[in-house]
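Visitor: For reference, this is data.cif, and it has mmCIF, C-alpha atoms and all ligand atoms; chains and numbers go by the auth columns.
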data_data
loop_
_atom_site.group_PDB
_atom_site.id
_atom_site.type_symbol
_atom_site.label_atom_id
_atom_site.label_comp_id
_atom_site.label_asym_id
_atom_site.label_seq_id
_atom_site.Cartn_x
_atom_site.Cartn_y
_atom_site.Cartn_z
_atom_site.B_iso_or_equiv
_atom_site.auth_seq_id
_atom_site.auth_asym_id
ATOM 1 C CA MET A 1 47.900 61.951 -117.445 0.00 1 N
ATOM 2 C CA ALA A 2 48.709 63.564 -114.118 0.00 2 N
ATOM 3 C CA PRO A 3 48.233 61.401 -111.026 0.00 3 N
ATOM 4 C CA LYS A 4 44.934 62.146 -109.205 0.00 4 N
ATOM 5 C CA LYS A 5 45.351 64.328 -106.147 0.00 5 N
ATOM 6 C CA LYS A 6 42.941 66.197 -103.933 0.00 6 N
ATOM 7 C CA ALA A 7 42.919 69.956 -104.615 0.00 7 N
ATOM 8 C CA LYS A 8 45.019 71.701 -102.017 0.00 8 N
ATOM 9 C CA SER A 9 44.035 75.092 -100.676 0.00 9 N
ATOM 10 C CA GLU A 10 46.399 78.046 -100.669 0.00 10 N
ATOM 11 C CA GLN A 11 46.731 80.955 -98.306 0.00 11 N
ATOM 12 C CA ILE A 12 44.427 83.860 -99.169 0.00 12 N
ATOM 13 C CA THR A 13 45.575 87.079 -97.549 0.00 13 N
ATOM 14 C CA ALA A 14 48.326 89.312 -98.921 0.00 14 N
ATOM 15 C CA ASP A 15 51.689 88.760 -97.292 0.00 15 N
ATOM 16 C CA GLU A 16 52.830 91.771 -95.319 0.00 16 N
ATOM 17 C CA ALA A 17 56.032 92.747 -97.056 0.00 17 N
ATOM 18 C CA VAL A 18 55.008 92.637 -100.711 0.00 18 N
ATOM 19 C CA PRO A 19 57.643 93.943 -103.150 0.00 19 N
ATOM 20 C CA LYS A 20 57.298 97.423 -104.655 0.00 20 N
ATOM 21 C CA TRP A 21 56.968 96.009 -108.167 0.00 21 N
ATOM 22 C CA PRO A 22 58.071 98.454 -110.898 0.00 22 N
ATOM 23 C CA PRO A 23 55.418 99.763 -113.318 0.00 23 N
ATOM 24 C CA ILE A 24 54.365 97.206 -115.934 0.00 24 N
ATOM 25 C CA SER A 25 55.512 99.360 -118.843 0.00 25 N
ATOM 26 C CA PRO A 26 56.401 99.925 -121.621 0.00 26 N
ATOM 27 C CA LEU A 27 54.053 97.459 -123.320 0.00 27 N
ATOM 28 C CA ILE A 28 53.142 96.768 -126.941 0.00 28 N
ATOM 29 C CA PRO A 29 49.512 97.765 -127.735 0.00 29 N
ATOM 30 C CA ASN A 30 47.079 94.920 -126.973 0.00 30 N
ATOM 31 C CA SER A 31 45.842 94.977 -130.564 0.00 31 N
ATOM 32 C CA ASP A 32 49.318 93.962 -131.800 0.00 32 N
ATOM 33 C CA LEU A 33 49.442 90.798 -129.671 0.00 33 N
ATOM 34 C CA SER A 34 48.094 87.337 -130.285 0.00 34 N
ATOM 35 C CA MET A 35 47.688 84.007 -128.548 0.00 35 N
ATOM 36 C CA ASN A 36 48.961 81.008 -130.498 0.00 36 N
ATOM 37 C CA GLU A 37 47.999 77.391 -130.046 0.00 37 N
ATOM 38 C CA LEU A 38 51.113 75.229 -129.847 0.00 38 N
ATOM 39 C CA LEU A 39 49.204 72.094 -128.905 0.00 39 N
ATOM 40 C CA PRO A 40 45.414 72.439 -129.146 0.00 40 N
ATOM 41 C CA GLY A 41 43.743 72.695 -125.763 0.00 41 N
ATOM 42 C CA GLN A 42 47.068 72.175 -123.947 0.00 42 N
ATOM 43 C CA ILE A 43 49.812 74.707 -124.712 0.00 43 N
ATOM 44 C CA LEU A 44 49.391 78.354 -125.746 0.00 44 N
ATOM 45 C CA THR A 45 51.922 81.128 -126.202 0.00 45 N
ATOM 46 C CA ILE A 46 51.705 84.920 -126.279 0.00 46 N
ATOM 47 C CA PRO A 47 54.919 86.361 -127.759 0.00 47 N
ATOM 48 C CA SER A 48 55.971 89.818 -126.489 0.00 48 N
ATOM 49 C CA LEU A 49 53.346 90.017 -123.740 0.00 49 N
ATOM 50 C CA TRP A 50 56.099 92.006 -122.029 0.00 50 N
ATOM 51 C CA THR A 51 58.610 94.100 -123.959 0.00 51 N
ATOM 52 C CA ALA A 52 62.362 93.462 -123.727 0.00 52 N
ATOM 53 C CA THR A 53 62.757 96.808 -121.924 0.00 53 N
ATOM 54 C CA LEU A 54 60.209 95.811 -119.288 0.00 54 N
ATOM 55 C CA CYS A 55 61.771 92.346 -118.840 0.00 55 N
ATOM 56 C CA LYS A 56 65.190 93.922 -118.370 0.00 56 N
ATOM 57 C CA SER A 57 63.980 96.330 -115.701 0.00 57 N
ATOM 58 C CA TYR A 58 62.198 93.477 -113.900 0.00 58 N
ATOM 59 C CA VAL A 59 65.269 91.235 -113.936 0.00 59 N
ATOM 60 C CA SER A 60 67.291 93.974 -112.287 0.00 60 N
ATOM 61 C CA PHE A 61 64.512 94.567 -109.723 0.00 61 N
ATOM 62 C CA LEU A 62 63.973 90.841 -109.029 0.00 62 N
ATOM 63 C CA SER A 63 67.713 90.318 -108.555 0.00 63 N
ATOM 64 C CA ARG A 64 67.416 92.395 -105.378 0.00 64 N
ATOM 65 C CA LEU A 65 64.663 90.208 -103.865 0.00 65 N
ATOM 66 C CA PRO A 66 65.580 87.599 -101.237 0.00 66 N
ATOM 67 C CA LEU A 67 65.550 84.489 -103.448 0.00 67 N
ATOM 68 C CA THR A 68 66.163 81.163 -101.733 0.00 68 N
ATOM 69 C CA THR A 69 67.808 78.122 -103.270 0.00 69 N
ATOM 70 C CA THR A 70 65.615 75.025 -103.221 0.00 70 N
ATOM 71 C CA PRO A 71 66.876 72.192 -101.062 0.00 71 N
ATOM 72 C CA GLY A 72 68.416 69.370 -103.096 0.00 72 N
ATOM 73 C CA LYS A 73 66.060 66.786 -101.596 0.00 73 N
ATOM 74 C CA PRO A 74 62.405 67.343 -102.582 0.00 74 N
ATOM 75 C CA LYS A 75 59.427 66.427 -100.362 0.00 75 N
ATOM 76 C CA LYS A 76 57.933 63.017 -101.122 0.00 76 N
ATOM 77 C CA GLY A 77 56.048 63.174 -104.445 0.00 77 N
ATOM 78 C CA ASP A 78 57.563 66.526 -105.495 0.00 78 N
ATOM 79 C CA ALA A 79 59.810 66.959 -108.537 0.00 79 N
ATOM 80 C CA VAL A 80 63.476 67.760 -108.193 0.00 80 N
ATOM 81 C CA ARG A 81 63.650 71.496 -108.711 0.00 81 N
ATOM 82 C CA VAL A 82 67.034 73.113 -108.513 0.00 82 N
ATOM 83 C CA ASN A 83 66.657 76.867 -108.762 0.00 83 N
ATOM 84 C CA ASP A 84 66.431 80.029 -106.708 0.00 84 N
ATOM 85 C CA ARG A 85 62.987 81.162 -105.934 0.00 85 N
ATOM 86 C CA PHE A 86 60.930 83.954 -104.415 0.00 86 N
ATOM 87 C CA GLN A 87 57.285 83.440 -103.567 0.00 87 N
ATOM 88 C CA ILE A 88 54.710 85.936 -102.383 0.00 88 N
ATOM 89 C CA ASN A 89 50.969 86.090 -101.937 0.00 89 N
ATOM 90 C CA ASP A 90 50.208 89.374 -103.651 0.00 90 N
ATOM 91 C CA PRO A 91 46.644 89.738 -104.961 0.00 91 N
ATOM 92 C CA ALA A 92 47.279 93.342 -106.085 0.00 92 N
ATOM 93 C CA PHE A 93 50.209 92.359 -108.315 0.00 93 N
ATOM 94 C CA ALA A 94 48.285 89.377 -109.731 0.00 94 N
ATOM 95 C CA GLU A 95 45.465 91.775 -110.559 0.00 95 N
ATOM 96 C CA ARG A 96 47.863 94.190 -112.290 0.00 96 N
ATOM 97 C CA LEU A 97 49.481 91.403 -114.292 0.00 97 N
ATOM 98 C CA TRP A 98 46.008 90.374 -115.412 0.00 98 N
ATOM 99 C CA HIS A 99 44.498 93.798 -116.190 0.00 99 N
ATOM 100 C CA GLU A 100 47.452 95.933 -117.222 0.00 100 N
ATOM 101 C CA THR A 101 48.787 93.478 -119.819 0.00 101 N
ATOM 102 C CA ALA A 102 46.890 91.922 -122.738 0.00 102 N
ATOM 103 C CA LEU A 103 46.327 88.707 -120.747 0.00 103 N
ATOM 104 C CA LYS A 104 42.751 89.382 -119.655 0.00 104 N
ATOM 105 C CA SER A 105 41.669 90.596 -123.109 0.00 105 N
ATOM 106 C CA LEU A 106 43.286 87.662 -124.929 0.00 106 N
ATOM 107 C CA VAL A 107 41.985 85.022 -122.505 0.00 107 N
ATOM 108 C CA SER A 108 38.501 86.550 -122.576 0.00 108 N
ATOM 109 C CA GLY A 109 38.473 86.485 -126.381 0.00 109 N
ATOM 110 C CA GLU A 110 38.132 90.264 -126.730 0.00 110 N
ATOM 111 C CA LEU A 111 41.012 90.772 -129.140 0.00 111 N
ATOM 112 C CA GLU A 112 41.326 89.847 -132.784 0.00 112 N
ATOM 113 C CA GLY A 113 44.412 87.825 -131.872 0.00 113 N
ATOM 114 C CA SER A 114 42.645 85.788 -129.170 0.00 114 N
ATOM 115 C CA GLY A 115 43.041 82.608 -131.245 0.00 115 N
ATOM 116 C CA PRO A 116 41.388 79.599 -129.557 0.00 116 N
ATOM 117 C CA ALA A 117 39.698 81.865 -126.966 0.00 117 N
ATOM 118 C CA SER A 118 37.834 83.799 -129.698 0.00 118 N
ATOM 119 C CA ASP A 119 35.206 81.115 -129.940 0.00 119 N
ATOM 120 C CA GLU A 120 32.698 81.713 -127.155 0.00 120 N
ATOM 121 C CA SER A 121 31.356 78.159 -127.259 0.00 121 N
ATOM 122 C CA ARG A 122 34.878 76.776 -126.820 0.00 122 N
ATOM 123 C CA ARG A 123 36.088 79.191 -124.159 0.00 123 N
ATOM 124 C CA HIS A 124 34.532 77.499 -121.128 0.00 124 N
ATOM 125 C CA ASP A 125 35.976 74.097 -122.054 0.00 125 N
ATOM 126 C CA LEU A 126 39.325 75.581 -122.941 0.00 126 N
ATOM 127 C CA TRP A 127 39.857 77.293 -119.586 0.00 127 N
ATOM 128 C CA GLY A 128 37.966 74.729 -117.497 0.00 128 N
ATOM 129 C CA GLY A 129 35.327 77.227 -116.331 0.00 129 N
ATOM 130 C CA GLU A 130 34.672 80.931 -116.040 0.00 130 N
ATOM 131 C CA VAL A 131 38.052 82.684 -115.812 0.00 131 N
ATOM 132 C CA ILE A 132 38.268 85.339 -113.113 0.00 132 N
ATOM 133 C CA GLY A 133 41.944 86.270 -113.010 0.00 133 N
ATOM 134 C CA LEU A 134 45.365 85.110 -111.859 0.00 134 N
ATOM 135 C CA ASN A 135 46.478 83.213 -108.788 0.00 135 N
ATOM 136 C CA PRO A 136 47.715 85.734 -106.178 0.00 136 N
ATOM 137 C CA ASN A 137 50.501 83.262 -105.400 0.00 137 N
ATOM 138 C CA ILE A 138 53.300 84.824 -107.478 0.00 138 N
ATOM 139 C CA ARG A 139 56.505 82.851 -107.898 0.00 139 N
ATOM 140 C CA VAL A 140 59.785 84.144 -109.308 0.00 140 N
ATOM 141 C CA TYR A 141 62.381 81.608 -110.479 0.00 141 N
ATOM 142 C CA ARG A 142 66.017 82.209 -111.265 0.00 142 N
ATOM 143 C CA TYR A 143 67.934 79.318 -112.806 0.00 143 N
ATOM 144 C CA SER A 144 71.680 79.736 -113.108 0.00 144 N
ATOM 145 C CA LYS A 145 74.050 77.479 -115.053 0.00 145 N
ATOM 146 C CA GLY A 146 73.429 73.824 -114.107 0.00 146 N
ATOM 147 C CA GLN A 147 69.965 74.448 -112.584 0.00 147 N
ATOM 148 C CA PHE A 148 66.773 72.828 -113.869 0.00 148 N
ATOM 149 C CA PHE A 149 63.251 71.671 -112.973 0.00 149 N
ATOM 150 C CA ASP A 150 62.884 67.908 -113.398 0.00 150 N
ATOM 151 C CA GLN A 151 59.884 66.241 -115.089 0.00 151 N
ATOM 152 C CA HIS A 152 56.619 66.740 -113.198 0.00 152 N
ATOM 153 C CA TYR A 153 52.917 67.595 -113.405 0.00 153 N
ATOM 154 C CA ASP A 154 51.415 70.841 -112.038 0.00 154 N
ATOM 155 C CA ASP A 155 48.513 70.452 -109.607 0.00 155 N
ATOM 156 C CA SER A 156 45.276 72.387 -109.621 0.00 156 N
ATOM 157 C CA LYS A 157 44.818 74.325 -106.371 0.00 157 N
ATOM 158 C CA ASN A 158 41.837 75.874 -104.668 0.00 158 N
ATOM 159 C CA VAL A 159 42.410 79.565 -103.975 0.00 159 N
ATOM 160 C CA THR A 160 40.341 82.489 -102.771 0.00 160 N
ATOM 161 C CA ILE A 161 40.627 85.756 -104.653 0.00 161 N
ATOM 162 C CA PRO A 162 40.284 88.496 -102.022 0.00 162 N
ATOM 163 C CA GLY A 163 37.680 91.243 -102.498 0.00 163 N
ATOM 164 C CA SER A 164 34.196 91.967 -101.321 0.00 164 N
ATOM 165 C CA PRO A 165 32.960 89.386 -101.526 0.00 165 N
ATOM 166 C CA PRO A 166 35.994 87.105 -101.885 0.00 166 N
ATOM 167 C CA ILE A 167 35.694 84.659 -104.773 0.00 167 N
ATOM 168 C CA ALA A 168 36.291 80.935 -104.370 0.00 168 N
ATOM 169 C CA ALA A 169 38.437 79.843 -107.297 0.00 169 N
ATOM 170 C CA ARG A 170 40.455 76.955 -108.698 0.00 170 N
ATOM 171 C CA THR A 171 43.603 77.080 -110.832 0.00 171 N
ATOM 172 C CA THR A 172 43.346 75.421 -114.250 0.00 172 N
ATOM 173 C CA TRP A 173 46.328 76.611 -116.342 0.00 173 N
ATOM 174 C CA THR A 174 49.946 77.431 -115.467 0.00 174 N
ATOM 175 C CA LEU A 175 51.289 80.817 -116.576 0.00 175 N
ATOM 176 C CA LEU A 176 55.029 81.166 -117.188 0.00 176 N
ATOM 177 C CA LEU A 177 56.423 84.526 -118.258 0.00 177 N
ATOM 178 C CA TYR A 178 59.995 84.330 -119.544 0.00 178 N
ATOM 179 C CA LEU A 179 62.151 87.365 -118.857 0.00 179 N
ATOM 180 C CA THR A 180 65.365 86.071 -120.457 0.00 180 N
ATOM 181 C CA SER A 181 66.428 84.070 -123.525 0.00 181 N
ATOM 182 C CA PRO A 182 69.485 83.441 -125.719 0.00 182 N
ATOM 183 C CA ALA A 183 69.161 87.138 -126.696 0.00 183 N
ATOM 184 C CA THR A 184 70.121 88.031 -123.107 0.00 184 N
ATOM 185 C CA GLY A 185 72.798 85.329 -122.864 0.00 185 N
ATOM 186 C CA CYS A 186 70.665 82.528 -121.389 0.00 186 N
ATOM 187 C CA MET A 187 71.345 79.218 -123.121 0.00 187 N
ATOM 188 C CA GLY A 188 69.297 76.059 -122.512 0.00 188 N
ATOM 189 C CA GLY A 189 66.450 76.174 -119.972 0.00 189 N
ATOM 190 C CA GLU A 190 63.734 75.340 -122.518 0.00 190 N
ATOM 191 C CA THR A 191 60.390 74.136 -121.155 0.00 191 N
ATOM 192 C CA VAL A 192 59.700 70.701 -122.653 0.00 192 N
ATOM 193 C CA PHE A 193 56.352 68.881 -122.753 0.00 193 N
ATOM 194 C CA TYR A 194 55.871 65.162 -123.289 0.00 194 N
ATOM 195 C CA PRO A 195 52.489 64.443 -124.942 0.00 195 N
ATOM 196 C CA GLU A 196 51.093 61.004 -124.169 0.00 196 N
ATOM 197 C CA PRO A 197 50.957 58.269 -126.795 0.00 197 N
ATOM 198 C CA ALA A 198 47.522 57.304 -128.187 0.00 198 N
ATOM 199 C CA PRO A 199 45.675 55.128 -125.607 0.00 199 N
ATOM 200 C CA SER A 200 45.307 52.097 -127.927 0.00 200 N
ATOM 201 C CA LYS A 201 47.717 49.354 -126.825 0.00 201 N
ATOM 202 C CA LYS A 202 47.879 47.985 -130.347 0.00 202 N
ATOM 203 C CA SER A 203 49.136 51.278 -131.728 0.00 203 N
ATOM 204 C CA LYS A 204 52.494 50.751 -133.400 0.00 204 N
ATOM 205 C CA LYS A 205 52.994 54.483 -133.820 0.00 205 N
ATOM 206 C CA PRO A 206 56.153 55.874 -132.287 0.00 206 N
ATOM 207 C CA PRO A 207 55.480 58.014 -129.179 0.00 207 N
ATOM 208 C CA PRO A 208 54.756 61.675 -129.994 0.00 208 N
ATOM 209 C CA GLU A 209 57.736 63.985 -130.204 0.00 209 N
ATOM 210 C CA PRO A 210 58.341 66.184 -127.159 0.00 210 N
ATOM 211 C CA ILE A 211 57.272 69.805 -127.607 0.00 211 N
ATOM 212 C CA VAL A 212 60.129 72.176 -126.888 0.00 212 N
ATOM 213 C CA VAL A 213 59.282 75.763 -125.979 0.00 213 N
ATOM 214 C CA GLU A 214 62.356 77.914 -126.509 0.00 214 N
ATOM 215 C CA LEU A 215 62.939 80.802 -124.129 0.00 215 N
ATOM 216 C CA ASP A 216 61.907 84.101 -125.659 0.00 216 N
ATOM 217 C CA VAL A 217 62.099 87.428 -123.797 0.00 217 N
ATOM 218 C CA GLY A 218 58.588 88.573 -122.815 0.00 218 N
ATOM 219 C CA LEU A 219 56.834 85.436 -124.064 0.00 219 N
ATOM 220 C CA ALA A 220 54.007 84.098 -121.907 0.00 220 N
ATOM 221 C CA LEU A 221 53.363 80.372 -121.948 0.00 221 N
ATOM 222 C CA LEU A 222 50.076 78.929 -120.759 0.00 222 N
ATOM 223 C CA HIS A 223 49.585 75.206 -120.263 0.00 223 N
ATOM 224 C CA ARG A 224 46.684 73.204 -118.925 0.00 224 N
ATOM 225 C CA HIS A 225 47.311 71.687 -115.513 0.00 225 N
ATOM 226 C CA GLY A 226 45.594 69.488 -112.938 0.00 226 N
ATOM 227 C CA ALA A 227 44.208 66.139 -114.100 0.00 227 N
ATOM 228 C CA ASP A 228 45.025 66.860 -117.775 0.00 228 N
ATOM 229 C CA CYS A 229 48.491 68.297 -117.247 0.00 229 N
ATOM 230 C CA LEU A 230 51.205 67.059 -119.603 0.00 230 N
ATOM 231 C CA LEU A 231 54.430 65.786 -118.122 0.00 231 N
ATOM 232 C CA HIS A 232 56.935 68.639 -118.488 0.00 232 N
ATOM 233 C CA GLU A 233 60.292 69.957 -117.347 0.00 233 N
ATOM 234 C CA GLY A 234 62.514 73.021 -117.377 0.00 234 N
ATOM 235 C CA ARG A 235 65.733 71.877 -119.062 0.00 235 N
ATOM 236 C CA GLU A 236 69.086 72.585 -117.493 0.00 236 N
ATOM 237 C CA VAL A 237 70.424 76.088 -118.027 0.00 237 N
ATOM 238 C CA LEU A 238 73.739 75.851 -119.863 0.00 238 N
ATOM 239 C CA ASP A 239 74.844 79.453 -119.589 0.00 239 N
ATOM 240 C CA GLY A 240 73.610 82.776 -118.261 0.00 240 N
ATOM 241 C CA GLN A 241 70.451 83.073 -116.174 0.00 241 N
ATOM 242 C CA LYS A 242 66.864 82.062 -116.820 0.00 242 N
ATOM 243 C CA TRP A 243 64.271 84.267 -115.092 0.00 243 N
ATOM 244 C CA VAL A 244 60.597 83.338 -114.998 0.00 244 N
ATOM 245 C CA ILE A 245 57.502 84.764 -113.321 0.00 245 N
ATOM 246 C CA ARG A 246 54.921 82.075 -112.547 0.00 246 N
ATOM 247 C CA SER A 247 51.237 82.317 -111.708 0.00 247 N
ATOM 248 C CA ASP A 248 48.106 80.411 -112.780 0.00 248 N
ATOM 249 C CA LEU A 249 44.762 81.100 -114.420 0.00 249 N
ATOM 250 C CA CYS A 250 41.866 80.856 -111.979 0.00 250 N
ATOM 251 C CA VAL A 251 38.255 79.926 -112.691 0.00 251 N
ATOM 252 C CA LYS A 252 35.201 80.197 -110.428 0.00 252 N
ATOM 253 C CA ARG A 253 34.630 77.159 -108.267 0.00 253 N
HETATM 254 O O1 LIG B . 60.821 76.879 -115.605 0.00 1 H
HETATM 255 C C1 LIG B . 60.240 76.135 -116.409 0.00 1 H
HETATM 256 O O2 LIG B . 60.526 76.096 -117.596 0.00 1 H
HETATM 257 C C2 LIG B . 59.154 75.230 -115.909 0.00 1 H
HETATM 258 C C3 LIG B . 58.540 75.667 -114.618 0.00 1 H
HETATM 259 C C4 LIG B . 57.477 74.730 -114.154 0.00 1 H
HETATM 260 O O3 LIG B . 57.279 73.676 -114.700 0.00 1 H
HETATM 261 C C5 LIG B . 56.640 75.066 -112.982 0.00 1 H
HETATM 262 O O4 LIG B . 56.737 76.179 -112.458 0.00 1 H
HETATM 263 O O5 LIG B . 55.840 74.219 -112.581 0.00 1 H
HETATM 264 FE FE FE B . 55.443 72.801 -113.966 0.00 2 H
#
Would you put the structure from the file into structure tokens?

Guide:
Amino acid sequence: MAPKKKAKSEQITADEAVPKWPPISPLIPNSDLSMNELLPGQILTIPSLWTATLCKSYVSFLSRLPLTTTPGKPKKGDAVRVNDRFQINDPAFAERLWHETALKSLVSGELEGSGPASDESRRHDLWGGEVIGLNPNIRVYRYSKGQFFDQHYDDSKNVTIPGSPPIAARTTWTLLLYLTSPATGCMGGETVFYPEPAPSKKSKKPPPEPIVVELDVGLALLHRHGADCLLHEGREVLDGQKWVIRSDLCVKR
């Protein structure tokens, strides 16, 4: 279980110099996509949310952004994260990522492939409230050989989705969109989750096996965060480059 922390608030307005993101195309038709449950209520995947062509054009675009290398020494309580990163508050891009891909339809249970979100009675519990979109705080990570993200928990944050009126929201799930994989020469870099052992002290069962999510071009990974976040890490990249776009699912607060 993640350590208890007070929800932190994030900046709400769009940053001035937002990137001129390329079009989010080509995409596979929404009806051909599905959301799979890797660990019930905790880890979900959507293979091919983005096509390989789209991922490739984004990697070349993102390579021209001013990424900064994280300092070796993290702030107190933060995980060691060794990668290059670009972060921007861009509500318009978050909105496009939500509406122009199958994300909104899958999360809202509108598609045949919506998996665990198909069940209306389950949806509220699954997402931790009424989902309204993605966190405008967009993060881009590039991990080169030797870089990694050490074991940590992701916090839930309070955010405000701009609009009229603005909507007070809270993040409940992390979204990671992988743009590279072994198919593009990136080895290692898997995201690994460590499920907790059963609470009973008498249990003689061995601890649950870690869940390893292999990189896959265009795959979106969603995992529950905040108080019920699983301990997880981004394994060291052994060769090539790992590129990830990160945001979060937001519910009404
Ligand atoms: O890059 C990864 O595989 C993990 C990233 C992550 O854990 C995070 O952004 O909080
Ligand atoms: Fe994380």

Visitor: Would you name the residues within 10 Å of ligand FE 2 (chain H), counting only C-alpha atoms and all ligand atoms, and put them as JSON, numbers by chain?

Guide: {"N": [79, 81, 149, 150, 151, 152, 153, 154, 155, 174, 175, 176, 191, 192, 193, 223, 225, 229, 230, 231, 232, 233, 234, 246]}

Visitor: Using only C-alpha atoms and a cutoff of 6 Å, can you tell me which residues are near (59.8, 83.7, -116.7) in the file's coordinates, and write them out as JSON, numbers by chain?

Guide: {"N": [176, 177, 178, 179, 243, 244, 245]}

Visitor: Please report, as JSON, the centre and edge lengths in Å to one decimal of an axis-aligned box covering all listed atoms of ligand LIG 1 (chain H) with 5 Å per side.

Guide:
{"center_x": 58.3, "center_y": 75.3, "center_z": -115.0, "size_x": 15.0, "size_y": 13.2, "size_z": 15.1}

Visitor: To verify the selection step, state as a ChimeraX atom specification which residues the PyMOL selection byres (((chain N and resi 204-216) around 9) and not hetatm) yields on this input.

Guide: /N:38-39,47-48,178-183,186-198,201-203,217-221,242

Visitor: Nearest to ligand LIG 1 (chain H) among N:Phe86, N:Ile161, N:Glu112, N:Gly133, with distances taken over only C-alpha atoms and all ligand atoms: which residue is it?

Guide: N:Phe86

Visitor: Selection in question (the file shown): the PyMOL selection byres (((chain N and resi 139) around 12) and not hetatm). Which residues does it include, as a PDB file with C-alpha atoms, in the frame of the given file?

Guide:
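That gives us selection-v4.pdb:
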ATOM      1  CA  LEU N  62      63.973  90.841-109.029  1.00  0.00           C
ATOM      2  CA  LEU N  65      64.663  90.208-103.865  1.00  0.00           C
ATOM      3  CA  LEU N  67      65.550  84.489-103.448  1.00  0.00           C
ATOM      4  CA  THR N  68      66.163  81.163-101.733  1.00  0.00           C
ATOM      5  CA  ASN N  83      66.657  76.867-108.762  1.00  0.00           C
ATOM      6  CA  ASP N  84      66.431  80.029-106.708  1.00  0.00           C
ATOM      7  CA  ARG N  85      62.987  81.162-105.934  1.00  0.00           C
ATOM      8  CA  PHE N  86      60.930  83.954-104.415  1.00  0.00           C
ATOM      9  CA  GLN N  87      57.285  83.440-103.567  1.00  0.00           C
ATOM     10  CA  ILE N  88      54.710  85.936-102.383  1.00  0.00           C
ATOM     11  CA  ASN N  89      50.969  86.090-101.937  1.00  0.00           C
ATOM     12  CA  ASP N  90      50.208  89.374-103.651  1.00  0.00           C
ATOM     13  CA  PHE N  93      50.209  92.359-108.315  1.00  0.00           C
ATOM     14  CA  ALA N  94      48.285  89.377-109.731  1.00  0.00           C
ATOM     15  CA  ASN N 135      46.478  83.213-108.788  1.00  0.00           C
ATOM     16  CA  PRO N 136      47.715  85.734-106.178  1.00  0.00           C
ATOM     17  CA  ASN N 137      50.501  83.262-105.400  1.00  0.00           C
ATOM     18  CA  ILE N 138      53.300  84.824-107.478  1.00  0.00           C
ATOM     19  CA  VAL N 140      59.785  84.144-109.308  1.00  0.00           C
ATOM     20  CA  TYR N 141      62.381  81.608-110.479  1.00  0.00           C
ATOM     21  CA  ARG N 142      66.017  82.209-111.265  1.00  0.00           C
ATOM     22  CA  THR N 174      49.946  77.431-115.467  1.00  0.00           C
ATOM     23  CA  LEU N 175      51.289  80.817-116.576  1.00  0.00           C
ATOM     24  CA  LEU N 176      55.029  81.166-117.188  1.00  0.00           C
ATOM     25  CA  LEU N 177      56.423  84.526-118.258  1.00  0.00           C
ATOM     26  CA  TRP N 243      64.271  84.267-115.092  1.00  0.00           C
ATOM     27  CA  VAL N 244      60.597  83.338-114.998  1.00  0.00           C
ATOM     28  CA  ILE N 245      57.502  84.764-113.321  1.00  0.00           C
ATOM     29  CA  ARG N 246      54.921  82.075-112.547  1.00  0.00           C
ATOM     30  CA  SER N 247      51.237  82.317-111.708  1.00  0.00           C
ATOM     31  CA  ASP N 248      48.106  80.411-112.780  1.00  0.00           C
TER      32      ASP N 248
END

Visitor: Sort by chain and increasing residue number a table of all residues of range 70-170 of chain N within 10 Å of range 235-239 of chain N, each with its closest pair of atoms and their distance in Å to one decimal, counting all atoms listed in the file, and write it as a Markdown table.

Guide:
| residue | atom | partner | partner_atom | distance |
| --- | --- | --- | --- | --- |
| N:Val82 | CA | N:Glu236 | CA | 9.2 |
| N:Tyr143 | CA | N:Val237 | CA | 6.6 |
| N:Ser144 | CA | N:Val237 | CA | 6.3 |
| N:Lys145 | CA | N:Val237 | CA | 4.9 |
| N:Gly146 | CA | N:Val237 | CA | 5.4 |
| N:Gln147 | CA | N:Glu236 | CA | 5.3 |
| N:Phe148 | CA | N:Glu236 | CA | 4.3 |
| N:Phe149 | CA | N:Arg235 | CA | 6.6 |
| N:Asp150 | CA | N:Arg235 | CA | 7.5 |
| N:Gln151 | CA | N:Arg235 | CA | 9.0 |

Visitor: Just the number, please: distance in Å from CA of Leu222 in chain N to CA of Leu44 in chain N, one decimal.

Guide: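 Between CA of Leu222 in chain N and CA of Leu44 in chain N the gap works out to 5.1 Å.
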
Visitor: CA of Thr45 in chain N and CA of Lys157 in chain N, how far apart in Å?

Guide: 22.1 Å

Visitor: Run the PyMOL selection byres (((chain N and resi 117) around 9) and not hetatm) on the file and write out the hits as a ChimeraX atom specification.

Guide: /N:35,106-110,114-116,118-120,122-124,126-127

Visitor: Give me, please, the distance in Å between CA of Pro162 in chain N and CA of Val251 in chain N, quoted to one decimal.

Guide: 13.8 Å

Visitor: Please provide as a PyMOL selection string all residues within 8 Å of Leu49 in chain N, with the sequence filter that same-chain residues fewer than 3 positions apart are discarded (counting all atoms listed in the file).

Guide: chain N and resi 27-28+33+46+101-103+218-220

Visitor: With distances taken over only C-alpha atoms, which residue among N:Pro29, N:Pro66, N:Gly128, N:Pro166 lies nearest Arg224 in chain N?

Guide: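 For Arg224 in chain N, the nearest of the given residues is N:Gly128.
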
Visitor: Go through N:Lys56, N:Glu95, N:Asp125, N:Trp173 one by one, measure the shortest atom-to-atom distance of each to ligand LIG 1 (chain H) using all atoms listed in the file, and give the residue with the smallest value.

Guide: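 So, comparing all the options, the nearest one is N:Trp173.
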
Visitor: Given all atoms listed in the file as the basis, pick out the residue of N:Gln241, N:Ser57, N:Thr51, N:Ser105 nearest to ligand LIG 1 (chain H).

Guide: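 Comparing N:Gln241, N:Ser57, N:Thr51, N:Ser105 against ligand LIG 1 (chain H), the winner is N:Gln241.
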
Visitor: Would you mind telling me which residue in N:Ala17, N:Asp78, N:Lys104, N:Trp98 lies nearest to ligand LIG 1 (chain H) when using all atoms listed in the file?

Guide: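 Checking each candidate against ligand LIG 1 (chain H), we get N:Asp78 as the closest.
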
Visitor: Which one is closest to ligand LIG 1 (chain H): N:Gly226, N:Asp32, N:Ser121, N:Cys55? Count only C-alpha atoms and all ligand atoms.

Guide: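 Under the stated criterion, the closest residue is N:Gly226.
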